[in-house]
$ cat my_file-v2.tsv   # TSV, C-alpha atoms
chain	number	residue	atom	x	y	z
Z	24	MET	CA	-18.47	66.53	-71.43
Z	25	ASP	CA	-17.13	62.99	-71.17
Z	26	GLY	CA	-18.76	59.81	-69.95
Z	27	GLY	CA	-17.17	60.10	-66.50
Z	28	LEU	CA	-19.02	63.22	-65.46
Z	29	ALA	CA	-22.18	62.10	-67.22
Z	30	ARG	CA	-22.10	58.98	-65.10
Z	31	GLN	CA	-21.37	60.82	-61.87
Z	32	ASN	CA	-23.95	63.55	-62.40
Z	33	ASP	CA	-26.56	61.36	-64.04
Z	34	GLY	CA	-29.87	62.20	-62.46
Z	35	ALA	CA	-28.38	65.27	-60.78
Z	36	ALA	CA	-31.32	67.45	-61.81
Z	37	ALA	CA	-32.11	68.57	-58.30
Z	38	PRO	CA	-34.27	71.70	-58.28
Z	39	ARG	CA	-32.27	74.63	-59.66
Z	40	ARG	CA	-32.77	77.96	-57.98
Z	41	GLY	CA	-32.25	81.20	-59.85
Z	42	LEU	CA	-29.33	83.38	-58.81
Z	43	GLY	CA	-30.49	86.81	-59.90
Z	44	THR	CA	-32.92	87.95	-62.53
Z	45	ASN	CA	-31.14	86.40	-65.50
Z	46	GLN	CA	-30.13	83.07	-63.99
Z	47	SER	CA	-31.83	79.95	-65.30
Z	48	GLY	CA	-29.39	77.06	-65.16
Z	49	MET	CA	-26.21	77.39	-67.20
Z	50	ARG	CA	-24.93	80.88	-67.91
Z	51	ASP	CA	-24.18	82.15	-71.39
Z	52	TYR	CA	-20.64	81.28	-72.52
Z	53	ASN	CA	-19.54	84.93	-72.74
Z	54	GLN	CA	-20.81	85.59	-69.23
Z	55	ARG	CA	-18.84	82.57	-68.01
Z	56	LEU	CA	-15.78	83.85	-69.84
Z	57	VAL	CA	-16.01	87.23	-68.11
Z	58	LEU	CA	-16.54	85.61	-64.71
Z	59	SER	CA	-13.56	83.30	-65.29
Z	60	LEU	CA	-11.29	86.23	-66.17
Z	61	LEU	CA	-12.38	88.16	-63.09
Z	62	ARG	CA	-11.72	85.12	-60.91
Z	63	ARG	CA	-8.23	84.82	-62.34
Z	64	HIS	CA	-7.29	88.51	-62.31
Z	65	GLY	CA	-9.27	89.84	-59.35
Z	66	SER	CA	-10.65	93.00	-60.96
Z	67	LEU	CA	-10.73	94.34	-64.50
Z	68	ALA	CA	-12.15	97.31	-66.35
Z	69	LYS	CA	-14.48	96.78	-69.30
Z	70	THR	CA	-11.81	97.89	-71.76
Z	71	GLU	CA	-9.40	95.28	-70.41
Z	72	ILE	CA	-12.04	92.55	-70.66
Z	73	ALA	CA	-12.83	93.54	-74.24
Z	74	ARG	CA	-9.13	93.40	-75.14
Z	75	MET	CA	-8.60	90.02	-73.46
Z	76	THR	CA	-11.72	88.34	-74.86
Z	77	GLY	CA	-11.92	89.91	-78.31
Z	78	LEU	CA	-15.54	90.87	-77.62
Z	79	SER	CA	-16.80	94.27	-78.66
Z	80	ALA	CA	-16.99	97.03	-76.07
Z	81	GLN	CA	-20.76	97.09	-76.48
Z	82	THR	CA	-21.08	93.34	-75.88
Z	83	VAL	CA	-18.89	93.56	-72.78
Z	84	SER	CA	-20.98	96.45	-71.45
Z	85	VAL	CA	-24.19	94.45	-71.88
Z	86	ILE	CA	-22.65	91.41	-70.15
Z	87	MET	CA	-21.34	93.48	-67.26
Z	88	ARG	CA	-24.71	95.16	-66.75
Z	89	GLU	CA	-26.45	91.77	-66.67
Z	90	LEU	CA	-23.98	90.30	-64.21
Z	91	GLU	CA	-24.13	93.40	-62.02
Z	92	ALA	CA	-27.94	93.24	-62.06
Z	93	ASP	CA	-27.67	89.63	-60.91
Z	94	ALA	CA	-25.49	90.87	-58.00
Z	95	LEU	CA	-22.60	88.74	-59.25
Z	96	LEU	CA	-20.28	91.73	-59.77
Z	97	VAL	CA	-19.40	94.80	-57.74
Z	98	ARG	CA	-17.88	98.10	-58.85
Z	99	GLY	CA	-14.53	99.33	-57.62
Z	100	ASP	CA	-13.33	102.89	-57.21
Z	101	PRO	CA	-12.88	104.79	-60.50
Z	102	GLN	CA	-9.31	104.69	-61.79
Z	103	ARG	CA	-8.31	107.98	-63.42
Z	104	GLY	CA	-5.75	108.00	-66.20
Z	105	LYS	CA	-4.12	110.86	-68.00
Z	106	VAL	CA	-6.81	111.16	-70.68
Z	107	GLY	CA	-10.43	110.18	-71.15
Z	108	GLN	CA	-13.05	109.09	-68.70
Z	109	PRO	CA	-12.00	107.21	-65.56
Z	110	SER	CA	-12.26	103.42	-65.83
Z	111	ILE	CA	-14.25	101.50	-63.26
Z	112	PRO	CA	-12.81	98.10	-62.33
Z	113	MET	CA	-15.30	95.32	-61.72
Z	114	SER	CA	-14.78	92.28	-59.52
Z	115	LEU	CA	-16.69	89.27	-58.28
Z	116	ASN	CA	-19.22	90.00	-55.59
Z	117	PRO	CA	-18.40	87.65	-52.71
Z	118	GLU	CA	-22.10	87.67	-51.80
Z	119	GLY	CA	-23.15	86.81	-55.33
Z	120	ALA	CA	-23.26	83.05	-54.82
Z	121	PHE	CA	-22.27	80.43	-52.28
Z	122	PHE	CA	-21.14	76.83	-52.70
Z	123	LEU	CA	-20.91	73.82	-50.44
Z	124	GLY	CA	-18.12	71.27	-50.57
Z	125	LEU	CA	-18.23	67.92	-48.79
Z	126	LYS	CA	-15.09	65.87	-48.37
Z	127	ILE	CA	-15.67	62.26	-47.34
Z	128	GLY	CA	-12.35	60.87	-46.16
Z	129	ARG	CA	-11.12	57.68	-44.55
Z	130	ARG	CA	-10.74	59.37	-41.15
Z	131	SER	CA	-12.96	62.44	-41.28
Z	132	SER	CA	-15.52	64.41	-43.26
Z	133	GLU	CA	-15.50	68.16	-43.85
Z	134	MET	CA	-18.30	70.45	-44.97
Z	135	ALA	CA	-17.17	73.82	-46.31
Z	136	LEU	CA	-19.23	76.85	-47.30
Z	137	ILE	CA	-17.41	79.23	-49.63
Z	138	ASP	CA	-18.43	82.51	-51.18
Z	139	PHE	CA	-18.19	83.57	-54.83
Z	140	ARG	CA	-14.54	84.61	-54.42
Z	141	GLY	CA	-13.60	81.27	-52.86
Z	142	ALA	CA	-13.20	82.45	-49.27
Z	143	ILE	CA	-14.20	79.89	-46.66
Z	144	ARG	CA	-17.19	81.24	-44.74
Z	145	ARG	CA	-17.74	78.17	-42.60
Z	146	MET	CA	-16.03	74.82	-42.04
Z	147	CYS	CA	-17.43	71.88	-40.08
Z	148	GLN	CA	-15.48	68.66	-39.44
Z	149	HIS	CA	-16.58	65.21	-38.31
Z	150	SER	CA	-13.98	62.59	-37.28
Z	151	TYR	CA	-14.49	58.84	-37.14
Z	152	ALA	CA	-12.62	55.54	-37.20
Z	153	TYR	CA	-14.03	54.78	-40.66
Z	154	PRO	CA	-16.83	56.25	-42.79
Z	155	THR	CA	-20.30	54.80	-43.29
Z	156	PRO	CA	-23.03	56.17	-45.59
Z	157	GLU	CA	-25.54	56.44	-42.74
Z	158	ASP	CA	-23.18	58.48	-40.60
Z	159	THR	CA	-22.25	60.69	-43.55
Z	160	ILE	CA	-25.86	61.40	-44.48
Z	161	ALA	CA	-26.66	62.26	-40.86
Z	162	PHE	CA	-23.66	64.60	-40.66
Z	163	VAL	CA	-24.63	66.46	-43.83
Z	164	THR	CA	-28.33	66.62	-42.96
Z	165	LYS	CA	-27.57	68.11	-39.56
Z	166	ASP	CA	-25.10	70.63	-40.98
Z	167	LEU	CA	-27.52	71.71	-43.72
Z	168	ALA	CA	-30.21	72.36	-41.12
Z	169	THR	CA	-27.77	74.41	-39.06
Z	170	LEU	CA	-26.63	76.31	-42.12
Z	171	GLU	CA	-30.17	77.16	-43.20
Z	172	LYS	CA	-30.86	78.60	-39.76
Z	173	THR	CA	-27.54	80.47	-39.64
Z	174	LEU	CA	-27.71	82.11	-43.06
Z	175	ASP	CA	-30.30	84.74	-43.76
Z	176	ARG	CA	-32.90	83.95	-46.41
Z	177	ARG	CA	-31.10	85.87	-49.16
Z	178	ARG	CA	-27.78	84.07	-48.69
Z	179	TRP	CA	-29.43	80.66	-48.35
Z	180	ALA	CA	-31.25	81.28	-51.65
Z	181	ARG	CA	-27.87	81.93	-53.29
Z	182	VAL	CA	-26.32	78.58	-52.35
Z	183	ALA	CA	-25.76	77.27	-55.87
Z	184	GLY	CA	-24.87	73.65	-55.21
Z	185	LEU	CA	-23.12	70.97	-53.20
Z	186	GLY	CA	-20.07	69.13	-54.52
Z	187	ILE	CA	-19.00	65.82	-53.00
Z	188	ALA	CA	-15.33	64.84	-53.05
Z	189	MET	CA	-14.78	61.22	-52.04
Z	190	PRO	CA	-12.76	58.13	-52.99
Z	191	PHE	CA	-14.62	55.99	-55.52
Z	192	GLU	CA	-15.37	52.41	-54.44
Z	193	LEU	CA	-14.85	53.45	-50.84
Z	194	TRP	CA	-15.73	49.97	-49.58
Z	195	SER	CA	-12.52	48.59	-51.11
Z	196	TRP	CA	-10.51	50.64	-48.58
Z	197	ALA	CA	-12.03	48.92	-45.55
Z	198	ASP	CA	-8.91	46.93	-44.63
Z	199	ALA	CA	-6.61	49.90	-45.08
Z	200	ALA	CA	-8.95	52.06	-42.99
Z	201	GLY	CA	-8.95	49.49	-40.21
Z	202	ALA	CA	-12.70	48.89	-40.40
Z	203	PRO	CA	-14.21	45.62	-39.14
Z	204	PRO	CA	-15.15	43.10	-41.86
Z	205	GLY	CA	-18.27	44.23	-43.70
Z	206	ALA	CA	-18.50	47.56	-41.82
Z	207	MET	CA	-18.12	49.62	-45.00
Z	208	ASP	CA	-20.11	47.40	-47.35
Z	209	GLY	CA	-22.98	49.89	-47.23
Z	210	TRP	CA	-21.07	52.04	-49.71
Z	211	ARG	CA	-21.53	49.31	-52.35
Z	212	HIS	CA	-25.27	49.92	-52.44
Z	213	THR	CA	-25.50	53.63	-51.60
Z	214	ASP	CA	-25.72	56.34	-54.23
Z	215	ILE	CA	-24.51	59.10	-51.93
Z	216	ARG	CA	-25.10	61.81	-54.53
Z	217	ALA	CA	-28.72	60.79	-54.98
Z	218	ALA	CA	-29.25	60.39	-51.23
Z	219	LEU	CA	-27.99	63.91	-50.52
Z	220	ALA	CA	-29.76	65.39	-53.56
Z	221	GLU	CA	-33.06	64.35	-51.95
Z	222	ARG	CA	-32.15	66.54	-48.98
Z	223	CYS	CA	-30.89	69.58	-50.90
Z	224	PRO	CA	-32.84	72.31	-52.72
Z	225	PHE	CA	-29.90	72.75	-55.11
Z	226	PRO	CA	-27.88	70.54	-57.49
Z	227	VAL	CA	-25.46	67.97	-56.08
Z	228	TYR	CA	-22.28	66.86	-57.89
Z	229	LEU	CA	-19.75	64.09	-57.30
Z	230	GLN	CA	-16.03	63.73	-58.01
Z	231	ASN	CA	-13.10	61.62	-56.87
Z	232	ASP	CA	-11.55	63.34	-53.86
Z	233	ALA	CA	-7.97	63.68	-55.11
Z	234	THR	CA	-9.17	64.78	-58.55
Z	235	ALA	CA	-11.37	67.37	-56.85
Z	236	ALA	CA	-8.36	68.62	-54.87
Z	237	CYS	CA	-6.52	69.07	-58.18
Z	238	GLY	CA	-9.53	71.05	-59.39
Z	239	ALA	CA	-9.30	73.28	-56.31
Z	240	GLU	CA	-5.70	74.10	-57.26
Z	241	LEU	CA	-6.94	75.16	-60.69
Z	242	VAL	CA	-9.91	77.22	-59.51
Z	243	PHE	CA	-8.71	78.70	-56.20
Z	244	GLY	CA	-4.95	78.32	-56.23
Z	245	HIS	CA	-2.10	79.63	-58.34
Z	246	PRO	CA	-1.41	76.84	-60.84
Z	247	PRO	CA	1.44	76.98	-63.36
Z	248	ALA	CA	0.83	79.32	-66.28
Z	249	GLN	CA	1.36	76.48	-68.76
Z	250	GLY	CA	-1.51	74.54	-67.16
Z	251	ASP	CA	-0.03	71.03	-67.56
Z	252	PHE	CA	0.74	69.52	-64.17
Z	253	ILE	CA	0.50	66.34	-62.17
Z	254	TYR	CA	-0.96	66.76	-58.71
Z	255	PHE	CA	-0.55	64.72	-55.53
Z	256	TYR	CA	-2.70	65.09	-52.43
Z	257	VAL	CA	-1.11	63.38	-49.41
Z	258	GLY	CA	-3.87	62.45	-47.00
Z	259	ALA	CA	-4.67	59.33	-45.02
Z	260	PHE	CA	-4.03	57.70	-48.40
Z	261	VAL	CA	-2.22	59.51	-51.20
Z	262	GLY	CA	-4.08	60.25	-54.42
Z	263	GLY	CA	-3.76	62.58	-57.32
Z	264	GLY	CA	-5.08	64.35	-60.37
Z	265	ILE	CA	-4.02	65.61	-63.79
Z	266	ALA	CA	-4.45	69.05	-65.34
Z	267	LEU	CA	-3.88	69.55	-69.06
Z	268	GLY	CA	-4.03	72.92	-70.75
Z	269	GLY	CA	-5.40	74.53	-67.61
Z	270	ARG	CA	-8.26	72.03	-67.41
Z	271	LEU	CA	-8.91	69.12	-65.11
Z	272	PHE	CA	-8.67	65.76	-66.87
Z	273	SER	CA	-10.56	62.93	-65.20
Z	274	GLY	CA	-10.79	60.35	-67.97
Z	275	SER	CA	-13.77	58.26	-69.06
Z	276	THR	CA	-14.40	56.77	-65.61
Z	277	GLY	CA	-13.35	59.74	-63.47
Z	278	ASN	CA	-10.27	57.91	-62.18
Z	279	ALA	CA	-7.55	59.43	-64.37
Z	280	GLY	CA	-4.67	60.35	-62.13
Z	281	ALA	CA	-5.27	57.44	-59.74
Z	282	LEU	CA	-1.69	57.93	-58.64
Z	283	GLY	CA	-2.05	56.06	-55.38
Z	284	SER	CA	-2.16	52.83	-57.39
Z	285	MET	CA	1.04	53.59	-59.30
Z	286	PRO	CA	3.77	50.97	-58.72
Z	287	VAL	CA	6.96	52.44	-57.28
Z	288	PRO	CA	10.00	50.95	-55.55
Z	289	ASP	CA	10.32	51.44	-51.83
Z	290	PRO	CA	13.75	52.40	-50.38
Z	291	ALA	CA	14.65	48.68	-50.25
Z	292	GLY	CA	13.87	48.27	-53.95
Z	293	THR	CA	10.66	46.25	-53.52
Z	294	MET	CA	7.87	47.28	-55.88
Z	295	ARG	CA	4.81	48.56	-54.04
Z	296	GLN	CA	1.93	50.89	-54.74
Z	297	LEU	CA	2.51	54.56	-53.99
Z	298	ILE	CA	-0.31	54.42	-51.46
Z	299	ASP	CA	1.80	52.01	-49.39
Z	300	VAL	CA	4.76	54.38	-49.05
Z	301	ALA	CA	3.48	57.97	-49.35
Z	302	SER	CA	0.28	57.94	-47.26
Z	303	ILE	CA	-0.06	59.47	-43.82
Z	304	SER	CA	-1.54	56.16	-42.66
Z	305	VAL	CA	1.96	54.68	-43.10
Z	306	LEU	CA	3.29	57.15	-40.54
Z	307	GLU	CA	0.30	56.46	-38.31
Z	308	LYS	CA	1.02	52.72	-38.29
Z	309	THR	CA	4.65	53.38	-37.39
Z	310	LEU	CA	3.70	55.58	-34.44
Z	311	VAL	CA	1.04	53.15	-33.17
Z	312	ALA	CA	3.45	50.22	-33.41
Z	313	ARG	CA	5.82	52.14	-31.13
Z	314	GLY	CA	3.04	52.78	-28.63
Z	315	LEU	CA	2.74	56.47	-29.50
Z	316	ASP	CA	-0.44	58.51	-29.83
Z	317	ALA	CA	-1.11	59.20	-33.53
Z	318	THR	CA	-4.44	61.02	-33.24
Z	319	GLY	CA	-2.72	64.38	-33.71
Z	320	LEU	CA	-2.06	63.47	-37.34
Z	321	TRP	CA	-5.79	63.93	-37.97
Z	322	THR	CA	-6.84	66.41	-35.29
Z	323	SER	CA	-3.87	68.83	-35.47
Z	324	PRO	CA	-2.95	69.20	-39.15
Z	325	ASP	CA	-1.27	72.56	-38.50
Z	326	ASP	CA	1.24	71.13	-36.03
Z	327	TRP	CA	2.08	67.46	-35.55
Z	328	GLY	CA	4.45	68.20	-32.70
Z	329	GLU	CA	7.84	66.57	-32.32
Z	330	LEU	CA	7.84	63.20	-34.10
Z	331	GLY	CA	11.60	63.00	-34.56
Z	332	GLU	CA	13.13	60.25	-36.66
Z	333	ASP	CA	9.77	58.59	-37.34
Z	334	LEU	CA	8.66	61.65	-39.28
Z	335	GLU	CA	12.01	62.06	-41.02
Z	336	ARG	CA	11.98	58.45	-42.23
Z	337	TRP	CA	8.40	58.79	-43.43
Z	338	VAL	CA	9.15	62.00	-45.33
Z	339	ASP	CA	12.15	60.41	-47.03
Z	340	GLY	CA	10.25	57.24	-47.94
Z	341	ALA	CA	7.23	59.16	-49.20
Z	342	ALA	CA	9.45	61.49	-51.22
Z	343	HIS	CA	11.30	58.52	-52.73
Z	344	GLY	CA	7.99	57.05	-53.92
Z	345	LEU	CA	6.66	60.38	-55.16
Z	346	ALA	CA	9.84	60.99	-57.17
Z	347	HIS	CA	9.49	57.65	-58.97
Z	348	ALA	CA	5.81	58.33	-59.64
Z	349	ILE	CA	6.63	61.75	-61.10
Z	350	LEU	CA	9.35	60.30	-63.32
Z	351	ALA	CA	7.07	57.55	-64.66
Z	352	ALA	CA	4.21	59.99	-65.32
Z	353	THR	CA	6.54	62.44	-67.08
Z	354	ALA	CA	7.51	59.70	-69.53
Z	355	VAL	CA	3.84	59.63	-70.63
Z	356	ILE	CA	2.92	63.34	-70.48
Z	357	ASP	CA	5.35	66.23	-70.59
Z	358	PHE	CA	4.27	67.90	-67.36
Z	359	GLN	CA	5.74	71.31	-66.57
Z	360	SER	CA	5.13	70.93	-62.83
Z	361	ALA	CA	4.49	68.34	-60.17
Z	362	ILE	CA	2.42	69.81	-57.34
Z	363	ILE	CA	2.29	68.30	-53.86
Z	364	ASP	CA	-0.29	69.28	-51.26
Z	365	GLY	CA	-2.01	67.47	-48.45
Z	366	TRP	CA	-3.30	67.17	-44.91
Z	367	LEU	CA	0.11	68.33	-43.72
Z	368	PRO	CA	1.65	71.02	-41.54
Z	369	LEU	CA	3.28	73.61	-43.78
Z	370	ALA	CA	6.78	72.72	-42.57
Z	371	VAL	CA	6.19	69.03	-43.32
Z	372	ARG	CA	4.81	69.85	-46.78
Z	373	ALA	CA	7.85	72.00	-47.53
Z	374	ALA	CA	10.22	69.25	-46.38
Z	375	LEU	CA	8.35	66.64	-48.45
Z	376	VAL	CA	8.52	68.79	-51.58
Z	377	ALA	CA	12.21	69.55	-51.12
Z	378	ARG	CA	13.04	65.90	-50.51
Z	379	THR	CA	10.99	64.77	-53.50
Z	380	ALA	CA	12.83	67.23	-55.74
Z	381	HIS	CA	16.13	65.87	-54.43
Z	382	HIS	CA	15.21	62.23	-55.07
Z	383	LEU	CA	13.88	63.11	-58.53
Z	384	SER	CA	17.14	64.79	-59.44
Z	385	GLN	CA	19.02	61.56	-58.59
Z	386	LEU	CA	16.97	59.33	-60.88
Z	387	ASP	CA	17.92	58.37	-64.42
Z	388	SER	CA	15.87	60.80	-66.50
Z	389	GLU	CA	17.75	60.60	-69.79
Z	390	GLY	CA	15.48	61.64	-72.64
Z	391	LEU	CA	13.04	63.46	-70.33
Z	392	THR	CA	12.63	67.05	-69.18
Z	393	LEU	CA	11.88	66.86	-65.49
Z	394	PRO	CA	9.02	68.97	-64.12
Z	395	ALA	CA	9.51	71.50	-61.37
Z	396	VAL	CA	8.38	70.08	-58.03
Z	397	ARG	CA	6.45	72.66	-56.05
Z	398	GLU	CA	4.05	73.03	-53.15
Z	399	GLY	CA	0.32	73.34	-53.66
Z	400	THR	CA	-1.26	76.71	-52.96
Z	401	VAL	CA	-4.65	75.66	-51.57
Z	402	GLY	CA	-3.63	73.64	-48.51
Z	403	ARG	CA	-5.14	70.93	-46.40
Z	404	HIS	CA	-8.76	71.80	-47.23
Z	405	ALA	CA	-8.15	71.24	-50.96
Z	406	ARG	CA	-10.54	68.27	-51.14
Z	407	ALA	CA	-13.47	70.09	-49.54
Z	408	LEU	CA	-12.76	73.19	-51.64
Z	409	GLY	CA	-12.48	70.95	-54.68
Z	410	GLY	CA	-15.96	69.67	-53.92
Z	411	ALA	CA	-17.24	73.24	-53.70
Z	412	SER	CA	-15.54	74.06	-57.00
Z	413	LEU	CA	-17.74	71.52	-58.82
Z	414	PRO	CA	-20.98	73.56	-58.74
Z	415	LEU	CA	-18.97	76.76	-59.18
Z	416	ALA	CA	-17.29	75.51	-62.35
Z	417	GLU	CA	-20.41	73.81	-63.66
Z	418	ARG	CA	-22.54	76.93	-63.40
Z	419	PHE	CA	-20.23	79.91	-63.75
Z	420	LEU	CA	-16.84	79.15	-65.33
Z	421	VAL	CA	-15.16	78.06	-68.53
Z	422	GLY	CA	-12.16	75.75	-68.39
Z	423	ALA	CA	-11.12	74.11	-65.12
Z	424	GLN	CA	-13.68	71.40	-64.36
Z	425	SER	CA	-15.74	72.21	-67.43
Z	426	ALA	CA	-13.42	69.91	-69.37
Z	427	LEU	CA	-14.69	66.89	-67.48

$ encode --input "my_file-v2.tsv" --output "structure tokens"
Amino acid sequence: MDGGLARQNDGAAAPRRGLGTNQSGMRDYNQRLVLSLLRRHGSLAKTEIARMTGLSAQTVSVIMRELEADALLVRGDPQRGKVGQPSIPMSLNPEGAFFLGLKIGRRSSEMALIDFRGAIRRMCQHSYAYPTPEDTIAFVTKDLATLEKTLDRRRWARVAGLGIAMPFELWSWADAAGAPPGAMDGWRHTDIRAALAERCPFPVYLQNDATAACGAELVFGHPPAQGDFIYFYVGAFVGGGIALGGRLFSGSTGNAGALGSMPVPDPAGTMRQLIDVASISVLEKTLVARGLDATGLWTSPDDWGELGEDLERWVDGAAHGLAHAILAATAVIDFQSAIIDGWLPLAVRAALVARTAHHLSQLDSEGLTLPAVREGTVGRHARALGGASLPLAERFLVGAQSAL
């Protein structure tokens, strides 16, 4: 565990609640391994798990009994073969544990409740002109109170943690967010993880929002089999993450993959940061300057309506910047894939990916093997789900975020 996560989770020893008879903090490595395989494959019989892990059949049987006793696994229907006893596939029990993910963005916050299989059980959104710590704490406190009343006692007791996904040094984005001078300075002096941990009966974790979104692709999505990819999340401001060997890499400060700060040329050839050409806020400014209503960019992420040439120009400019960022990153690490997701309608995401692939193919890449450019598989809630993946990975999985 590197210094980045140690710093972020320092003091994160909020009261831990047992999840089942055997749960007391971290699970045994072999139990985590079994749970990770079931998350990846959906359901497996004990013989398949033994073959894939190299564990003895007896050891696997003991592990499966323990996990089933903890209500973390459920049995499927017996599968009869030609010879021998029928095998019984086991899968994750969706009711086995629940996780909360909080995304703190420049324009809105989201609070997601997911079950053990990663399905969203509840999603609450709060929009604003710019975020403040006081408003965020009030939003979370209110939603937690509602959630505790909504869930029955058993489910509430199985909420295993809250993960926060937010931009680090959020106060430095005040100008870009359009906040009045000094309006976001409260973030300089607020330890949001500690503030929320005081209000939660379970552990609270913190991660950069775009890095968390990359983690969501690893845990809940369908990442490349090779596991080495660069990831871009296109939100109000573009950001990114890096996955190496199927594990999230955040670096010593948690800011590895700070792709929004990468210098790229704009279509005119002027060097700018990627955030200045590939962020949705760039499109917003264009629409506002033309006297058009841009609120739908944030309130209607499934359908932005007819934006015509303004959208086409933004997609082309964003793709141009993304292509240069991908090329530069590939010269450092031999990524197999470049994944693009974001707060985008599916048609816009598809167009952005296709246009990025086109621009990348036109660049001088001599000496490099270009990665495949593909769409993300989690979608617009990747940051909130990435937050929820933090307690999930910390307590139940191997790989993914456990490399942090």

$ atom_distance --input "my_file-v2.tsv" --atom1 "atom CA of Leu241 of chain Z" --atom2 "atom CA of Gly409 of chain Z"
9.2 Å

$ atom_distance --input "my_file-v2.tsv" --atom1 "atom CA of Ser284 of chain Z" --atom2 "atom CA of Ala341 of chain Z"
14.0 Å

$ atom_distance --input "my_file-v2.tsv" --atom1 "atom CA of Val163 of chain Z" --atom2 "atom CA of Glu133 of chain Z"
9.3 Å

$ closest_residue --input "my_file-v2.tsv" --among "Z:Trp179, Z:Tyr254, Z:Phe260, Z:Phe121" --to "Gly280 of chain Z" --atoms "only C-alpha atoms"
Z:Tyr254

$ closest_residue --input "my_file-v2.tsv" --among "Z:Val355, Z:Ala317, Z:Ile362, Z:Val300" --to "Gly264 of chain Z" --atoms "only C-alpha atoms"
Z:Ile362

$ closest_residue --input "my_file-v2.tsv" --among "Z:Arg140, Z:Arg129, Z:Arg295, Z:His381" --to "Ser195 of chain Z" --atoms "only C-alpha atoms"
Z:Arg129

$ residues_near_point --input "my_file-v2.tsv" --point "(-15.2, 73.5, -47.7)" --cutoff "12 Å" --atoms "only C-alpha atoms" --output "PyMOL selection string"
chain Z and resi 121-127+132-138+141-148+185-188+235-236+239+243+401-413

$ closest_residue --input "my_file-v2.tsv" --among "Z:Gln81, Z:Gly344, Z:Trp321, Z:His245" --to "Thr293 of chain Z" --atoms "all atoms listed in the file"
Z:Gly344

$ closest_residue --input "my_file-v2.tsv" --among "Z:Ser388, Z:Ser66, Z:Ser275, Z:Asn116" --to "Leu96 of chain Z" --atoms "all atoms listed in the file"
Z:Asn116

$ closest_residue --input "my_file-v2.tsv" --among "Z:Val371, Z:Val421, Z:Ala351, Z:Val227" --to "Asp326 of chain Z" --atoms "only C-alpha atoms"
Z:Val371

$ residues_around --input "my_file-v2.tsv" --residues "Ser384 of chain Z" --least-positions-apart "5" --cutoff "9 Å" --atoms "all atoms listed in the file" --output "PyMOL selection string"
chain Z and resi 346+379+393

$ residues_around --input "my_file-v2.tsv" --residues "His343 of chain Z" --least-positions-apart "2" --cutoff "9 Å" --atoms "only C-alpha atoms" --output "ChimeraX atom specification"
/Z:287-290,300-301,338-341,345-348,378-379,381-383

$ residues_around --input "my_file-v2.tsv" --residues "Asn53 of chain Z" --least-positions-apart "6" --cutoff "10 Å" --atoms "all atoms listed in the file" --output "mmCIF file with C-alpha atoms, in the frame of the given file"
data_model
loop_
_atom_site.group_PDB
_atom_site.id
_atom_site.type_symbol
_atom_site.label_atom_id
_atom_site.label_comp_id
_atom_site.auth_asym_id
_atom_site.auth_seq_id
_atom_site.Cartn_x
_atom_site.Cartn_y
_atom_site.Cartn_z
ATOM 1 C CA SER Z 59 -13.560 83.300 -65.290
ATOM 2 C CA THR Z 76 -11.720 88.340 -74.860
ATOM 3 C CA LEU Z 78 -15.540 90.870 -77.620
ATOM 4 C CA THR Z 82 -21.080 93.340 -75.880
ATOM 5 C CA VAL Z 83 -18.890 93.560 -72.780
ATOM 6 C CA ILE Z 86 -22.650 91.410 -70.150
ATOM 7 C CA LEU Z 420 -16.840 79.150 -65.330
ATOM 8 C CA VAL Z 421 -15.160 78.060 -68.530
#

$ residues_around --input "my_file-v2.tsv" --residues "Leu67 of chain Z" --least-positions-apart "2" --cutoff "8 Å" --atoms "all atoms listed in the file" --output "PyMOL selection string"
chain Z and resi 61+64-65+69+71-72+112-114

$ build_atoms --input "my_file-v2.tsv" --residues "segment 138-145 of chain Z" --atoms "N, CA and C atoms" --output "CSV table (one decimal), in the coordinates of the input"
chain,number,residue,atom,x,y,z
Z,138,ASP,N,-17.7,81.5,-50.5
Z,138,ASP,CA,-18.4,82.5,-51.2
Z,138,ASP,C,-18.0,82.5,-52.6
Z,139,PHE,N,-18.4,83.5,-53.4
Z,139,PHE,CA,-18.2,83.6,-54.8
Z,139,PHE,C,-16.7,83.8,-55.1
Z,140,ARG,N,-16.0,84.4,-54.2
Z,140,ARG,CA,-14.5,84.6,-54.4
Z,140,ARG,C,-13.7,83.5,-53.9
Z,141,GLY,N,-14.3,82.4,-53.3
Z,141,GLY,CA,-13.6,81.3,-52.9
Z,141,GLY,C,-13.2,81.3,-51.4
Z,142,ALA,N,-13.6,82.4,-50.7
Z,142,ALA,CA,-13.2,82.4,-49.3
Z,142,ALA,C,-14.1,81.5,-48.5
Z,143,ILE,N,-13.5,80.8,-47.5
Z,143,ILE,CA,-14.2,79.9,-46.7
Z,143,ILE,C,-15.0,80.7,-45.6
Z,144,ARG,N,-16.3,80.6,-45.7
Z,144,ARG,CA,-17.2,81.2,-44.7
Z,144,ARG,C,-17.5,80.4,-43.5
Z,145,ARG,N,-17.4,79.1,-43.7
Z,145,ARG,CA,-17.7,78.2,-42.6
Z,145,ARG,C,-17.1,76.8,-42.9
